[in-house]
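Structure file my_file.cif (mmCIF, C-alpha atoms) follows.
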```cif
data_coords
#
loop_
_atom_site.label_atom_id
_atom_site.label_comp_id
_atom_site.auth_asym_id
_atom_site.auth_seq_id
_atom_site.Cartn_x
_atom_site.Cartn_y
_atom_site.Cartn_z
CA MET N 166 -43.42 2.87 26.29
CA ILE N 167 -40.38 4.65 24.93
CA THR N 168 -36.72 4.49 25.95
CA ILE N 169 -34.51 7.51 26.43
CA LYS N 170 -30.79 7.29 27.00
CA VAL N 171 -29.40 9.79 29.51
CA ILE N 172 -25.64 10.22 29.95
CA ASP N 173 -24.86 11.58 33.42
CA ARG N 174 -22.05 13.97 34.37
CA GLU N 175 -19.68 11.07 35.01
CA GLY N 176 -20.31 9.73 31.50
CA LYS N 177 -22.40 6.79 32.71
CA GLU N 178 -25.34 5.83 30.47
CA HIS N 179 -28.82 5.27 31.87
CA LYS N 180 -31.68 3.76 29.88
CA LEU N 181 -34.94 5.27 31.08
CA GLU N 182 -38.21 3.64 30.10
CA THR N 183 -41.33 5.69 30.25
CA PRO N 184 -44.93 5.80 29.11
CA THR N 185 -45.93 8.84 27.02
CA ASP N 186 -49.50 9.18 28.22
CA MET N 187 -48.64 10.56 31.66
CA ASN N 188 -47.93 14.15 30.64
CA LEU N 189 -44.36 13.81 31.93
CA ASN N 190 -41.40 15.92 30.84
CA LEU N 191 -37.76 14.91 30.66
CA MET N 192 -36.83 16.70 33.91
CA GLU N 193 -39.52 14.79 35.82
CA LEU N 194 -38.44 11.51 34.24
CA CYS N 195 -34.81 12.08 35.29
CA LYS N 196 -35.92 12.88 38.83
CA ALA N 197 -38.11 9.77 38.93
CA TYR N 198 -35.01 7.71 38.12
CA GLU N 199 -33.09 9.65 40.79
CA LEU N 200 -30.59 11.08 38.34
CA PRO N 201 -28.83 14.24 39.61
CA VAL N 202 -31.24 16.74 38.06
CA GLU N 203 -32.41 19.37 40.55
CA GLY N 204 -35.47 20.80 38.80
CA THR N 205 -35.44 23.56 41.39
CA CYS N 206 -38.29 25.62 39.96
CA GLY N 207 -40.57 22.65 39.43
CA GLY N 208 -40.73 22.87 35.65
CA MET N 209 -41.60 26.50 34.97
CA ALA N 210 -38.49 27.18 32.83
CA LEU N 211 -37.25 29.41 35.62
CA CYS N 212 -33.99 27.93 36.84
CA SER N 213 -31.99 25.97 34.20
CA THR N 214 -31.02 23.19 36.63
CA CYS N 215 -32.44 20.66 34.12
CA HIS N 216 -30.18 21.87 31.29
CA VAL N 217 -29.34 19.00 28.89
CA TYR N 218 -27.66 18.54 25.52
CA VAL N 219 -29.69 16.62 22.96
CA GLU N 220 -27.19 14.33 21.24
CA SER N 221 -29.48 12.46 18.85
CA ASN N 222 -31.21 13.86 15.77
CA THR N 223 -34.60 13.64 17.42
CA GLU N 224 -37.15 16.11 16.04
CA LEU N 225 -38.22 18.31 18.95
CA ASN N 226 -40.56 21.21 19.50
CA GLU N 227 -38.83 24.59 19.14
CA ALA N 228 -37.73 26.28 22.38
CA ASN N 229 -40.19 29.04 23.31
CA ASP N 230 -39.25 32.51 24.59
CA ASP N 231 -39.33 31.49 28.25
CA GLU N 232 -36.91 28.65 27.59
CA GLU N 233 -34.57 30.81 25.46
CA ASP N 234 -34.60 33.49 28.19
CA MET N 235 -33.59 30.96 30.77
CA LEU N 236 -30.86 29.49 28.57
CA ASP N 237 -29.49 33.04 28.33
CA GLN N 238 -28.86 32.86 32.06
CA ALA N 239 -27.40 29.36 31.99
CA PHE N 240 -23.80 28.38 31.40
CA PHE N 241 -22.10 26.00 28.97
CA VAL N 242 -24.94 26.58 26.53
CA GLU N 243 -24.48 24.90 23.15
CA GLU N 244 -26.48 24.67 19.93
CA ASN N 245 -28.16 21.52 21.22
CA SER N 246 -28.95 22.88 24.70
CA ARG N 247 -32.48 22.45 26.01
CA LEU N 248 -34.26 22.60 29.34
CA GLY N 249 -35.48 19.12 30.23
CA CYS N 250 -38.65 20.52 31.79
CA GLN N 251 -39.74 21.95 28.44
CA LEU N 252 -39.41 18.61 26.65
CA LYS N 253 -42.73 16.84 27.05
CA LEU N 254 -42.24 13.13 26.52
CA VAL N 255 -43.86 11.93 23.28
CA ASP N 256 -43.61 8.75 21.17
CA GLU N 257 -41.34 10.48 18.64
CA MET N 258 -38.65 10.70 21.35
CA ASP N 259 -38.10 6.94 21.44
CA GLY N 260 -34.34 6.36 21.29
CA MET N 261 -33.44 9.96 22.08
CA VAL N 262 -30.01 10.51 23.65
CA VAL N 263 -29.35 13.39 26.03
CA ARG N 264 -26.37 14.37 28.15
CA LEU N 265 -26.73 16.27 31.44
CA ALA N 266 -25.04 19.69 31.30
CA PRO N 267 -22.51 20.55 34.03
CA GLU N 268 -23.94 22.03 37.21
CA SER N 269 -23.28 25.71 37.80
CA LEU N 270 -21.35 26.80 40.90
CA MET X 88 -32.67 43.75 69.56
CA ILE X 89 -35.93 42.27 68.28
CA GLU X 90 -37.81 39.88 70.58
CA THR X 91 -40.74 37.72 69.55
CA ASP X 92 -42.42 34.37 70.22
CA ILE X 93 -41.85 32.68 66.87
CA LEU X 94 -39.03 33.88 64.66
CA ILE X 95 -39.79 32.88 61.09
CA ILE X 96 -36.99 32.62 58.58
CA GLY X 97 -38.41 33.18 55.13
CA ALA X 98 -41.33 35.44 54.23
CA GLY X 99 -42.81 33.25 51.51
CA PRO X 100 -46.41 32.01 51.59
CA CYS X 101 -45.68 29.41 54.22
CA GLY X 102 -43.87 31.81 56.55
CA LEU X 103 -46.62 34.39 56.14
CA PHE X 104 -49.42 31.94 56.93
CA THR X 105 -47.56 30.87 60.08
CA VAL X 106 -48.22 34.37 61.42
CA PHE X 107 -51.95 33.78 61.07
CA GLU X 108 -52.00 30.42 62.80
CA ALA X 109 -49.71 31.72 65.55
CA GLY X 110 -51.91 34.77 65.97
CA LEU X 111 -54.95 32.59 66.57
CA VAL X 112 -53.22 31.15 69.63
CA GLN X 113 -51.91 34.55 70.71
CA LEU X 114 -48.29 34.05 69.67
CA ARG X 115 -46.43 36.92 68.04
CA CYS X 116 -44.17 36.50 65.03
CA HIS X 117 -41.31 38.26 63.30
CA LEU X 118 -40.11 37.35 59.80
CA ILE X 119 -36.64 37.58 58.29
CA ASP X 120 -36.03 37.37 54.54
CA ALA X 121 -32.95 37.87 52.40
CA LEU X 122 -35.10 39.41 49.68
CA PRO X 123 -36.15 43.05 49.99
CA GLN X 124 -39.87 42.20 49.90
CA ALA X 125 -42.23 39.58 51.31
CA GLY X 126 -43.58 36.75 49.15
CA GLY X 127 -40.51 34.60 48.49
CA GLN X 128 -40.43 32.85 45.12
CA LEU X 129 -43.97 33.95 44.35
CA THR X 130 -42.97 37.60 44.30
CA GLU X 131 -39.38 37.18 43.14
CA ILE X 132 -39.72 34.58 40.39
CA TYR X 133 -43.29 34.23 39.20
CA PRO X 134 -45.61 37.03 40.42
CA LYS X 135 -47.66 36.90 37.20
CA LYS X 136 -48.08 33.12 37.02
CA PRO X 137 -51.49 31.74 37.95
CA ILE X 138 -51.74 29.11 40.69
CA TYR X 139 -54.64 26.66 40.43
CA ASP X 140 -54.31 24.44 43.50
CA ILE X 141 -55.14 26.72 46.40
CA PRO X 142 -58.37 25.35 47.90
CA GLY X 143 -61.31 27.64 47.27
CA MET X 144 -59.41 29.72 44.72
CA PRO X 145 -59.88 28.33 41.20
CA GLU X 146 -57.13 30.63 39.91
CA VAL X 147 -54.96 33.18 41.65
CA LEU X 148 -51.85 35.02 40.48
CA ALA X 149 -48.85 34.30 42.70
CA GLY X 150 -48.43 38.02 43.43
CA ASP X 151 -52.08 38.33 44.41
CA LEU X 152 -51.90 35.35 46.74
CA VAL X 153 -49.07 37.09 48.60
CA LYS X 154 -51.12 40.29 48.80
CA GLN X 155 -54.07 38.40 50.25
CA LEU X 156 -51.86 36.59 52.78
CA MET X 157 -50.44 39.94 53.89
CA GLU X 158 -53.98 41.20 54.39
CA GLN X 159 -54.96 38.04 56.27
CA ILE X 160 -52.07 38.34 58.75
CA ALA X 161 -52.21 42.13 59.20
CA PRO X 162 -54.33 41.92 62.41
CA PHE X 163 -51.47 40.03 64.07
CA LYS X 164 -48.96 42.81 63.35
CA PRO X 165 -45.94 40.74 62.29
CA GLY X 166 -42.52 42.35 62.28
CA PHE X 167 -40.22 42.13 59.27
CA THR X 168 -36.47 42.20 58.78
CA LEU X 169 -36.18 42.29 55.01
CA GLY X 170 -33.12 42.31 52.76
CA GLU X 171 -31.07 40.56 55.44
CA ARG X 172 -29.92 36.97 55.53
CA ALA X 173 -30.18 34.90 58.70
CA GLU X 174 -26.56 34.10 59.40
CA THR X 175 -25.94 32.55 62.83
CA ILE X 176 -28.04 30.94 65.55
CA GLU X 177 -26.98 30.28 69.12
CA LYS X 178 -28.80 29.05 72.18
CA MET X 179 -28.76 31.51 75.08
CA GLU X 180 -28.62 30.66 78.78
CA ASP X 181 -32.35 31.29 79.22
CA GLY X 182 -33.07 28.65 76.56
CA ARG X 183 -34.06 31.10 73.85
CA PHE X 184 -32.31 31.42 70.50
CA LYS X 185 -30.30 34.40 69.39
CA LEU X 186 -30.22 34.87 65.63
CA ILE X 187 -27.97 37.41 63.94
CA THR X 188 -28.32 38.49 60.31
CA ASN X 189 -25.56 39.31 57.85
CA ARG X 190 -26.11 42.99 58.69
CA GLY X 191 -25.81 42.38 62.42
CA THR X 192 -29.48 42.70 63.40
CA VAL X 193 -30.08 40.65 66.55
CA HIS X 194 -33.30 38.66 67.01
CA VAL X 195 -34.26 36.68 70.11
CA ALA X 196 -37.04 34.08 70.27
CA PRO X 197 -37.82 30.81 72.05
CA VAL X 198 -39.01 29.17 68.82
CA ILE X 199 -37.58 29.34 65.32
CA ALA X 200 -39.57 28.31 62.25
CA ILE X 201 -37.49 27.88 59.13
CA ALA X 202 -39.71 28.49 56.12
CA GLY X 203 -36.80 29.18 53.82
CA GLY X 204 -38.20 27.66 50.62
CA LEU X 205 -35.38 26.91 48.25
CA GLY X 206 -32.92 28.88 50.35
CA CYS X 207 -31.50 32.36 49.82
CA PHE X 208 -31.43 33.84 46.37
CA GLU X 209 -27.86 34.56 45.42
CA PRO X 210 -26.31 35.71 42.15
CA ARG X 211 -25.65 32.88 39.75
CA LYS X 212 -21.91 32.56 39.26
CA PRO X 213 -20.37 31.51 35.95
CA PRO X 214 -18.54 28.20 36.27
CA ILE X 215 -15.06 29.64 35.73
CA SER X 216 -12.74 27.65 37.99
CA ASN X 217 -10.75 30.58 39.44
CA ILE X 218 -13.62 33.09 39.68
CA PHE X 219 -13.59 32.96 43.51
CA ASP X 220 -9.98 34.21 43.51
CA PHE X 221 -11.07 37.45 41.87
CA GLU X 222 -14.21 38.20 43.89
CA ASP X 223 -13.94 41.83 45.01
CA LYS X 224 -10.67 41.97 43.10
CA GLY X 225 -12.30 42.87 39.84
CA VAL X 226 -15.24 40.46 39.77
CA GLU X 227 -18.60 41.65 41.11
CA TYR X 228 -21.94 39.88 40.73
CA ILE X 229 -24.02 42.78 42.02
CA ILE X 230 -23.48 46.44 41.25
CA LYS X 231 -23.62 48.25 44.55
CA ASP X 232 -21.88 51.52 43.73
CA PRO X 233 -21.68 52.52 40.06
CA GLU X 234 -18.97 55.06 40.96
CA LEU X 235 -16.59 52.14 41.45
CA TYR X 236 -16.51 51.89 37.67
CA ARG X 237 -15.87 55.54 36.84
CA ASP X 238 -13.22 55.80 34.12
CA LYS X 239 -12.57 52.05 34.29
CA GLN X 240 -12.65 49.38 31.63
CA ILE X 241 -15.44 46.89 32.31
CA VAL X 242 -16.80 43.71 30.79
CA ILE X 243 -20.44 42.80 31.49
CA ALA X 244 -21.75 39.33 30.63
CA GLY X 245 -25.38 38.30 30.26
CA GLY X 246 -28.38 38.89 28.05
CA GLY X 247 -31.23 39.72 30.41
CA ASP X 248 -32.66 43.01 31.55
CA SER X 249 -30.12 43.67 34.27
CA ALA X 250 -27.19 43.16 31.86
CA LEU X 251 -28.81 45.54 29.36
CA ASP X 252 -29.81 48.18 31.93
CA TRP X 253 -26.39 48.31 33.55
CA THR X 254 -24.66 48.43 30.16
CA ILE X 255 -26.75 51.49 29.29
CA PHE X 256 -26.18 53.13 32.66
CA LEU X 257 -22.44 52.45 32.86
CA ALA X 258 -21.84 53.58 29.26
CA ASP X 259 -21.78 57.13 30.66
CA VAL X 260 -19.71 56.27 33.72
CA ALA X 261 -17.00 53.84 32.70
CA LYS X 262 -14.20 54.51 30.27
CA GLU X 263 -15.09 51.47 28.20
CA VAL X 264 -17.99 49.06 28.45
CA MET X 265 -18.05 45.71 26.69
CA LEU X 266 -21.17 43.54 26.76
CA VAL X 267 -20.71 39.84 26.04
CA HIS X 268 -23.76 37.70 25.27
CA ARG X 269 -24.06 34.12 24.07
CA ARG X 270 -26.64 34.78 21.35
CA LYS X 271 -27.11 37.37 18.61
CA GLY X 272 -30.47 38.53 19.89
CA PHE X 273 -31.54 39.86 23.26
CA ARG X 274 -34.87 39.22 24.91
CA GLY X 275 -34.89 42.06 27.40
CA ALA X 276 -37.34 44.97 27.32
CA PRO X 277 -37.50 46.15 23.66
CA ASP X 278 -36.50 49.75 24.41
CA SER X 279 -33.46 48.58 26.42
CA VAL X 280 -32.44 46.34 23.52
CA ALA X 281 -32.85 49.24 21.06
CA LYS X 282 -30.81 51.55 23.30
CA VAL X 283 -27.96 49.03 23.60
CA MET X 284 -27.89 48.58 19.82
CA GLU X 285 -27.84 52.36 19.39
CA LEU X 286 -24.90 52.71 21.81
CA ALA X 287 -23.04 49.94 19.99
CA ASP X 288 -23.62 51.55 16.59
CA ALA X 289 -22.42 54.89 17.92
CA GLY X 290 -19.25 53.20 19.22
CA LYS X 291 -20.05 54.07 22.84
CA ILE X 292 -20.01 50.44 23.94
CA LYS X 293 -18.53 47.29 22.48
CA LEU X 294 -21.08 44.59 21.85
CA ILE X 295 -19.74 41.04 21.49
CA THR X 296 -22.46 38.52 20.69
CA GLU X 297 -22.33 34.77 20.16
CA ALA X 298 -19.53 34.65 22.70
CA GLU X 299 -18.91 33.69 26.32
CA VAL X 300 -16.36 34.68 28.95
CA ILE X 301 -14.63 31.41 29.86
CA GLY X 302 -11.47 32.45 31.69
CA LEU X 303 -10.02 35.09 34.00
CA ASN X 304 -6.38 36.11 34.38
CA GLY X 305 -4.43 38.40 36.66
CA ASP X 306 -1.92 38.39 39.51
CA ASP X 307 -3.42 40.20 42.50
CA ARG X 308 -6.35 41.67 40.64
CA LEU X 309 -8.24 40.84 37.50
CA GLU X 310 -6.28 41.96 34.46
CA ASN X 311 -7.99 40.34 31.50
CA VAL X 312 -10.75 37.93 30.51
CA VAL X 313 -10.75 35.15 27.94
CA ILE X 314 -13.67 35.35 25.53
CA LYS X 315 -14.65 32.29 23.52
CA HIS X 316 -16.31 33.17 20.23
CA LYS X 317 -18.72 30.77 18.66
CA ARG X 318 -17.20 31.21 15.20
CA ASP X 319 -13.57 32.26 15.49
CA GLY X 320 -11.76 30.92 18.51
CA GLU X 321 -10.77 32.82 21.62
CA SER X 322 -9.66 36.35 22.34
CA LEU X 323 -8.16 38.15 25.30
CA GLN X 324 -9.74 41.38 26.58
CA LYS X 325 -7.91 43.68 28.99
CA THR X 326 -10.30 44.88 31.72
CA ASP X 327 -10.48 46.30 35.24
CA HIS X 328 -13.78 44.66 36.12
CA PHE X 329 -15.85 41.66 35.07
CA ILE X 330 -19.53 41.81 36.01
CA PRO X 331 -21.46 38.60 35.25
CA LEU X 332 -25.21 39.28 35.44
CA PHE X 333 -26.96 35.93 35.12
CA GLY X 334 -29.84 36.33 37.53
CA LEU X 335 -30.36 34.78 40.94
CA SER X 336 -30.46 31.17 42.04
CA PRO X 337 -31.38 29.74 45.43
CA LYS X 338 -28.75 28.35 47.80
CA LEU X 339 -29.24 26.83 51.24
CA GLY X 340 -26.57 29.22 52.54
CA PRO X 341 -25.68 29.64 56.22
CA MET X 342 -28.57 27.39 57.35
CA ALA X 343 -26.43 24.43 56.35
CA ASN X 344 -24.18 25.21 59.34
CA TRP X 345 -26.80 25.28 62.08
CA GLY X 346 -26.41 21.66 63.14
CA LEU X 347 -29.63 20.52 61.47
CA ASN X 348 -29.93 17.15 59.76
CA ILE X 349 -29.90 17.85 56.05
CA THR X 350 -30.52 15.51 53.08
CA LYS X 351 -30.32 16.73 49.48
CA ASN X 352 -30.50 20.43 50.39
CA ALA X 353 -33.57 19.94 52.58
CA ILE X 354 -34.01 19.81 56.37
CA GLU X 355 -35.22 16.53 57.86
CA VAL X 356 -38.28 16.87 60.07
CA ASN X 357 -40.63 14.75 62.16
CA THR X 358 -44.06 14.81 60.53
CA PHE X 359 -45.75 14.91 63.95
CA ASP X 360 -45.04 18.63 64.20
CA TYR X 361 -42.34 19.37 61.61
CA SER X 362 -39.69 19.68 64.30
CA THR X 363 -36.03 19.30 63.38
CA ASN X 364 -33.34 17.48 65.32
CA VAL X 365 -32.72 20.70 67.29
CA GLU X 366 -35.37 21.28 69.96
CA GLY X 367 -37.20 24.54 69.38
CA ILE X 368 -36.34 24.74 65.68
CA PHE X 369 -39.01 23.71 63.17
CA ALA X 370 -38.85 23.58 59.37
CA ILE X 371 -41.89 23.97 57.13
CA GLY X 372 -42.64 24.30 53.43
CA ASP X 373 -40.29 23.58 50.54
CA ILE X 374 -37.20 23.60 52.78
CA ASN X 375 -38.11 20.43 54.70
CA THR X 376 -38.17 16.80 53.71
CA TYR X 377 -39.87 13.67 55.03
CA PRO X 378 -41.19 10.47 53.46
CA GLY X 379 -43.90 11.44 51.00
CA LYS X 380 -43.02 15.13 50.96
CA LEU X 381 -44.74 17.21 48.28
CA LYS X 382 -43.49 20.71 47.60
CA LEU X 383 -46.87 22.42 47.46
CA ILE X 384 -48.04 25.66 49.03
CA LEU X 385 -51.08 23.77 50.25
CA CYS X 386 -48.91 21.29 52.18
CA GLY X 387 -46.80 24.13 53.59
CA PHE X 388 -49.92 25.72 55.09
CA HIS X 389 -50.82 22.45 56.79
CA GLU X 390 -47.28 22.07 58.13
CA ALA X 391 -47.35 25.62 59.49
CA THR X 392 -50.61 24.95 61.32
CA LEU X 393 -49.41 21.79 63.07
CA MET X 394 -46.04 23.33 63.86
CA VAL X 395 -47.69 26.25 65.67
CA GLN X 396 -49.57 23.84 67.99
CA SER X 397 -46.28 22.30 69.15
CA ALA X 398 -44.69 25.71 69.53
CA TRP X 399 -47.58 26.80 71.74
CA LYS X 400 -47.22 23.71 73.93
CA MET X 401 -43.50 24.35 74.30
CA LEU X 402 -44.17 27.90 75.42
CA ASN X 403 -47.12 27.01 77.66
CA PRO X 404 -46.17 23.66 79.19
CA ASP X 405 -48.78 23.83 81.94
CA ARG X 406 -51.76 24.86 79.86
CA LYS X 407 -54.03 22.95 77.54
CA LEU X 408 -54.72 24.15 74.04
CA THR X 409 -58.19 23.56 72.63
CA LEU X 410 -58.88 24.15 68.99
CA LYS X 411 -61.21 27.06 68.43
CA TYR X 412 -62.72 27.57 65.01
CA THR X 413 -62.43 31.01 63.46
CA THR X 414 -66.08 30.67 62.53
CA VAL X 415 -66.93 30.66 66.27
CA GLN X 416 -64.31 33.05 67.56
CA GLY X 417 -63.65 35.36 64.64
CA VAL X 418 -60.13 36.71 64.33
CA LYS X 419 -58.93 38.78 67.27
CA GLY X 420 -55.81 40.70 66.37
CA PHE X 421 -53.21 42.18 68.68
#
```
What does the file become when written as structure tokens?
Amino acid sequence: MITIKVIDREGKEHKLETPTDMNLNLMELCKAYELPVEGTCGGMALCSTCHVYVESNTELNEANDDEEDMLDQAFFVEENSRLGCQLKLVDEMDGMVVRLAPESL
Amino acid sequence: MIETDILIIGAGPCGLFTVFEAGLVQLRCHLIDALPQAGGQLTEIYPKKPIYDIPGMPEVLAGDLVKQLMEQIAPFKPGFTLGERAETIEKMEDGRFKLITNRGTVHVAPVIAIAGGLGCFEPRKPPISNIFDFEDKGVEYIIKDPELYRDKQIVIAGGGDSALDWTIFLADVAKEVMLVHRRKGFRGAPDSVAKVMELADAGKIKLITEAEVIGLNGDDRLENVVIKHKRDGESLQKTDHFIPLFGLSPKLGPMANWGLNITKNAIEVNTFDYSTNVEGIFAIGDINTYPGKLKLILCGFHEATLMVQSAWKMLNPDRKLTLKYTTVQGVKGF
């Protein structure tokens, strides 16, 4: 089990515990905890509704072209922007801190 | 005026398969979709992605599944109103529904099946607080008539193919074109990227990368935009038009005002027959919700099938419907 801290759009912190052998990604984890993450496209890197900022120094896989393309169409994109659906949950993420990006209009 | 038995809103896989099931019990269908082509998300968002969970098809590309569904329903001659959004619904005196689209096309049917998927695809709007104030007063999300920009100053924002293509096209039309993009690189079609770079080098367009438009100013009309640069603060750019091109995102749209019970952007249904709280209106596929709902094409097909049985009973209250297998009967078209 690992723990990931998610800060919602109101600034409230949520500690999410999750196993890493279920092939889950961060978007799915947030939805499972009923956090306000839409995940409209179902995890295909096609909508950017799971846009998050990674606020810890966690080593992550590089964003692939699909993810970068989608971030190009998102708003409030920062250096530490990622799509939650492209972050597969692994042991190395224990203690990771992410903040949900604002929703677009 | 278009009259039919089942009016289907949404021409995605679920809406298309409804035509087949309805055809088997001799009900005619007409489909309405806001997109210019049938197929819904499968055609619009991921035509080249393989789908692996359609029974009997180990792997099928989304675009091909739509093609096959179109072939499967062809014998039942469905009608289509494409590129129009279902806007209003009212109940007529004879008990049927009258549905009018945003372009004024009138449809009349006793049964409505909402198979609207994620909703209507609408341009994604940048979260600039006063952007609504300038819509059609200098801000456009879709380019309808390029002549509007002749000899004008324009700012385009975005980094995808449509931002690149319109920058290239409008470079010859507008007085000044500025393209603002959040990153240094572009991932559009390589020749479009090369062409944009060429135009920028030749001084025919202004290319501002690693920057975002974050504010809009003007009295009656848009007068200038605020550009935030990643490295060196903010700048003000005088402009006649601001055209943000950030792709499409789905919105529930006018359906939200039809008196249906809605939770979390989905329509509540009874799993007996996927009926909504309004008699005669059903909701199937990704647009509906019920305990245990799974947003799968497979489940949408099942929902469509059961929904059609109830629709038939509504339309034929004195008759009895017996299930006939296609293996026995074959498929008799209209």
**Request:** Take the PyMOL selection byres ((chain X) within 10 of (chain N)), apply it to the structure above, and return the hits as a ChimeraX atom specification.
**Result:** /X:128,132-133,136,205,211-216,244-247,268-270,273-275,299,301,317,331-337,351,382
Would you export the selected residues with C-alpha atoms as a PDB file, in the coordinates of the input, please?
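File produced: again18.pdb:
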```pdb
ATOM      1  CA  GLN X 128     -40.430  32.850  45.120  1.00  0.00           C
ATOM      2  CA  ILE X 132     -39.720  34.580  40.390  1.00  0.00           C
ATOM      3  CA  TYR X 133     -43.290  34.230  39.200  1.00  0.00           C
ATOM      4  CA  LYS X 136     -48.080  33.120  37.020  1.00  0.00           C
ATOM      5  CA  LEU X 205     -35.380  26.910  48.250  1.00  0.00           C
ATOM      6  CA  ARG X 211     -25.650  32.880  39.750  1.00  0.00           C
ATOM      7  CA  LYS X 212     -21.910  32.560  39.260  1.00  0.00           C
ATOM      8  CA  PRO X 213     -20.370  31.510  35.950  1.00  0.00           C
ATOM      9  CA  PRO X 214     -18.540  28.200  36.270  1.00  0.00           C
ATOM     10  CA  ILE X 215     -15.060  29.640  35.730  1.00  0.00           C
ATOM     11  CA  SER X 216     -12.740  27.650  37.990  1.00  0.00           C
ATOM     12  CA  ALA X 244     -21.750  39.330  30.630  1.00  0.00           C
ATOM     13  CA  GLY X 245     -25.380  38.300  30.260  1.00  0.00           C
ATOM     14  CA  GLY X 246     -28.380  38.890  28.050  1.00  0.00           C
ATOM     15  CA  GLY X 247     -31.230  39.720  30.410  1.00  0.00           C
ATOM     16  CA  HIS X 268     -23.760  37.700  25.270  1.00  0.00           C
ATOM     17  CA  ARG X 269     -24.060  34.120  24.070  1.00  0.00           C
ATOM     18  CA  ARG X 270     -26.640  34.780  21.350  1.00  0.00           C
ATOM     19  CA  PHE X 273     -31.540  39.860  23.260  1.00  0.00           C
ATOM     20  CA  ARG X 274     -34.870  39.220  24.910  1.00  0.00           C
ATOM     21  CA  GLY X 275     -34.890  42.060  27.400  1.00  0.00           C
ATOM     22  CA  GLU X 299     -18.910  33.690  26.320  1.00  0.00           C
ATOM     23  CA  ILE X 301     -14.630  31.410  29.860  1.00  0.00           C
ATOM     24  CA  LYS X 317     -18.720  30.770  18.660  1.00  0.00           C
ATOM     25  CA  PRO X 331     -21.460  38.600  35.250  1.00  0.00           C
ATOM     26  CA  LEU X 332     -25.210  39.280  35.440  1.00  0.00           C
ATOM     27  CA  PHE X 333     -26.960  35.930  35.120  1.00  0.00           C
ATOM     28  CA  GLY X 334     -29.840  36.330  37.530  1.00  0.00           C
ATOM     29  CA  LEU X 335     -30.360  34.780  40.940  1.00  0.00           C
ATOM     30  CA  SER X 336     -30.460  31.170  42.040  1.00  0.00           C
ATOM     31  CA  PRO X 337     -31.380  29.740  45.430  1.00  0.00           C
ATOM     32  CA  LYS X 351     -30.320  16.730  49.480  1.00  0.00           C
ATOM     33  CA  LYS X 382     -43.490  20.710  47.600  1.00  0.00           C
TER      34      LYS X 382
END
```
**Request:** Do a neighbour search on Asn190 of chain N at 6 Å with all atoms listed in the file, toss out local chain neighbours closer than 4 positions, and write the hits as a PyMOL selection string.
**Result:** chain N and resi 250+252-254
Using all atoms listed in the file, which protein or nucleic acid residues come within 8 Å of Ser246 of chain N? Drop anything in the same chain fewer than 5 positions from it, and give the result as a short mmCIF file (atom, residue, chain, number, x, y, z; two decimals) with C-alpha atoms, in the frame of the given file.
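Heads up, here's the output in out-v2.cif:
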```
data_model
loop_
_atom_site.label_atom_id
_atom_site.label_comp_id
_atom_site.auth_asym_id
_atom_site.auth_seq_id
_atom_site.Cartn_x
_atom_site.Cartn_y
_atom_site.Cartn_z
CA HIS N 216 -30.18 21.87 31.29
CA VAL N 217 -29.34 19.00 28.89
CA TYR N 218 -27.66 18.54 25.52
CA VAL N 219 -29.69 16.62 22.96
CA LEU N 236 -30.86 29.49 28.57
#
```
**Message:** Expand the PyMOL selection byres ((chain X and resi 325) around 7) into the explicit residue set it covers here, and present it as a ChimeraX atom specification.
**Reply:** /X:310-312,323-324,326
**Prompt:** At what distance in Å, to one decimal, does atom CA of Leu191 of chain N lie from atom CA of Val147 of chain X?
**Reply:**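 Going from atom CA of Val147 of chain X over to atom CA of Leu191 of chain N covers 27.4 Å.
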Step by step, work through what the PyMOL selection byres ((chain N and resi 223-225) around 9) selects in the shown file, and finish by giving those residues as a tab-separated table (two decimals) with C-alpha atoms, in the frame of the given file.
```tsv
chain	number	residue	atom	x	y	z
N	219	VAL	CA	-29.69	16.62	22.96
N	220	GLU	CA	-27.19	14.33	21.24
N	221	SER	CA	-29.48	12.46	18.85
N	222	ASN	CA	-31.21	13.86	15.77
N	226	ASN	CA	-40.56	21.21	19.50
N	227	GLU	CA	-38.83	24.59	19.14
N	228	ALA	CA	-37.73	26.28	22.38
N	252	LEU	CA	-39.41	18.61	26.65
N	257	GLU	CA	-41.34	10.48	18.64
N	258	MET	CA	-38.65	10.70	21.35
N	259	ASP	CA	-38.10	6.94	21.44
N	260	GLY	CA	-34.34	6.36	21.29
N	261	MET	CA	-33.44	9.96	22.08
N	262	VAL	CA	-30.01	10.51	23.65
```
**Asked** Glu175 of chain N: which residues within 12 Å, counting all atoms listed in the file, same-chain residues fewer than 5 positions away excluded, as a PyMOL selection string?
**Response** chain N and resi 200-201+264-268
Identify the residues within 6 Å of coordinate (-38.8, 31.0, 73.4) (same frame as the file), considering all atoms listed in the file, and give the answer as a PDB file with C-alpha atoms, in the frame of the given file.
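Contents of part.pdb, freshly written:
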```pdb
ATOM      1  CA  ASP X  92     -42.420  34.370  70.220  1.00  0.00           C
ATOM      2  CA  ARG X 183     -34.060  31.100  73.850  1.00  0.00           C
ATOM      3  CA  ALA X 196     -37.040  34.080  70.270  1.00  0.00           C
ATOM      4  CA  PRO X 197     -37.820  30.810  72.050  1.00  0.00           C
ATOM      5  CA  VAL X 198     -39.010  29.170  68.820  1.00  0.00           C
TER       6      VAL X 198
END
```
**Message:** What's around Gly204 of chain X at 7 Å? Count all atoms listed in the file, leave out sequence neighbours fewer than 6 positions away in its own chain, and write the answer as JSON, numbers by chain.
**Reply:** {"X": [372, 373, 374]}
Kindly export the residues of the current selection with C-alpha atoms, as a PDB file, keeping the file's coordinate frame.
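The result, written out as part25.pdb:
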```pdb
ATOM      1  CA  GLY X 372     -42.640  24.300  53.430  1.00  0.00           C
ATOM      2  CA  ASP X 373     -40.290  23.580  50.540  1.00  0.00           C
ATOM      3  CA  ILE X 374     -37.200  23.600  52.780  1.00  0.00           C
TER       4      ILE X 374
END
```
